[in-house]
Every structure is written in structure tokens, then in C-alpha cells.
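For reference, the structure discussed in these notes is given below.
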Amino acid sequence: MRKQRSSRIPDFKSRMEMAKFWDTHDVSDYWDELKPIKVKVARNLSQGMTIRLDAETLTKLRSKAHKKGIGPTTLARMWIMENVYSFVKT
């Protein structure tokens, strides 16, 4: 029998706690503990929506997106989708 190693990745109580952890840790240090998952990607987004943001908010959004290596529109869409679907689950 193989002895199961305990994970170095903590159990998170919230997404904010998880985000803070990954903001200060390198995922490449944890490859051996990660599992692949299936992801649905919307290729043909059929409708658009315009959202106006003040300059400071837009600057912060662009900065966060740049740090993640994605565009600000993609990051905003990800946040919206995460929150829309989190309401559906509750």
C-alpha cells in the first residue's frame, strides 16, 4: 500500500482566501498535486454589452488583467461569469 501524502495546498474557506494564496505562491511548485479538469469555452459569443467604468477602476482592471496575462475584457467576463453562476448554485 502506498502512503498518501498530505497536500501542501490548504483547504480554502473562500475564493478570496484561495486568491490570496495563489497570489503569493507559484503554481509550478504544486504540479504534482494538481489534476486536469474539463473546461467549457464559449467560442461564439453572440451578444455584447457595454459597461462604463471610471478611469481609476479601468486602470486597476487593466493592471490585474496584465498580471494574469489576459485582456481586461476577458478578465471582466470571467468575473461576471463566476458571479452569475455562483448565484445560480445558491
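A note on labels: chains of the C-alpha cells are A, B, ... as shown, every chain counts residues from 1, and ligands are counted from 1 in their shown order.
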Would you write out, as a tab-separated table, a table of all residues in stretch 17-63 of chain A that have an atom no more than 12 Å from an atom of stretch 68-81 of chain A, listing for each the closest atom pair and the distance in Å to one decimal, considering only C-alpha atoms and ordering rows by chain and rising residue number?
residue	atom	partner	partner_atom	distance
A:Trp22	CA	A:Lys68	CA	11.5
A:Asp23	CA	A:Lys68	CA	10.2
A:Val41	CA	A:Met78	CA	11.0
A:Ala42	CA	A:Arg77	CA	11.2
A:Leu45	CA	A:Arg77	CA	11.0
A:Gly48	CA	A:Arg77	CA	10.8
A:Met49	CA	A:Arg77	CA	10.3
A:Thr50	CA	A:Thr73	CA	10.6
A:Ile51	CA	A:Ala76	CA	10.0
A:Leu53	CA	A:Ala76	CA	11.4
A:Thr57	CA	A:Pro72	CA	11.1
A:Leu58	CA	A:Pro72	CA	8.4
A:Thr59	CA	A:Pro72	CA	9.5
A:Lys60	CA	A:Pro72	CA	9.5
A:Leu61	CA	A:Pro72	CA	6.0
A:Arg62	CA	A:Pro72	CA	5.1
A:Ser63	CA	A:Pro72	CA	8.2
Serialized selection, C-alpha atoms, as a PDB file, in the first residue's frame:
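The resulting out.pdb:
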ATOM      1  CA  TRP A  22      -2.147  31.820  -5.254  1.00  0.00           C
ATOM      2  CA  ASP A  23      -1.133  35.483  -5.429  1.00  0.00           C
ATOM      3  CA  VAL A  41     -15.038  27.611 -23.615  1.00  0.00           C
ATOM      4  CA  ALA A  42     -17.587  29.800 -25.365  1.00  0.00           C
ATOM      5  CA  LEU A  45     -20.312  34.904 -28.016  1.00  0.00           C
ATOM      6  CA  GLY A  48     -22.290  42.219 -26.458  1.00  0.00           C
ATOM      7  CA  MET A  49     -22.750  44.587 -23.562  1.00  0.00           C
ATOM      8  CA  THR A  50     -21.187  47.976 -22.910  1.00  0.00           C
ATOM      9  CA  ILE A  51     -20.063  48.794 -19.379  1.00  0.00           C
ATOM     10  CA  LEU A  53     -16.032  52.424 -15.803  1.00  0.00           C
ATOM     11  CA  THR A  57     -11.323  51.341 -11.997  1.00  0.00           C
ATOM     12  CA  LEU A  58     -10.377  50.716 -15.618  1.00  0.00           C
ATOM     13  CA  THR A  59      -6.688  51.216 -14.792  1.00  0.00           C
ATOM     14  CA  LYS A  60      -6.939  48.694 -11.938  1.00  0.00           C
ATOM     15  CA  LEU A  61      -8.777  46.211 -14.178  1.00  0.00           C
ATOM     16  CA  ARG A  62      -6.124  46.539 -16.890  1.00  0.00           C
ATOM     17  CA  SER A  63      -3.344  46.088 -14.333  1.00  0.00           C
TER      18      SER A  63
END
Separation of atom CA of A:Asn83 from atom CA of A:Met16, in Å and rounded to one decimal: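 Atom-to-atom, atom CA of A:Asn83 and atom CA of A:Met16 are spaced 12.9 Å apart.
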Which distance in Å separates atom CA of A:Ser7 and atom CA of A:Glu33, to one decimal? 7.0 Å
Rank A:Gln47, A:Pro10, A:Arg15, A:Asp54 by their smallest atom-to-atom distance to A:Glu82, using only C-alpha atoms, and report the top residue only.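 Of A:Gln47, A:Pro10, A:Arg15, A:Asp54, the one nearest A:Glu82 is A:Arg15, counting only C-alpha atoms.
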Write out as a PyMOL selection string all residues of chain A that DSSP puts in alpha helix (DSSP H) for this structure's backbone. chain A and resi 15-23+55-68+72-89
Take atom CA of A:Ala19 and atom CA of A:Arg43 and report the distance between them in Å, one decimal. 26.4 Å
Residue among A:Ile9, A:Ala55, A:Val84, A:Lys64 lying closest to A:Tyr30, counting only C-alpha atoms: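 Selected residue with least distance to A:Tyr30: A:Ile9.
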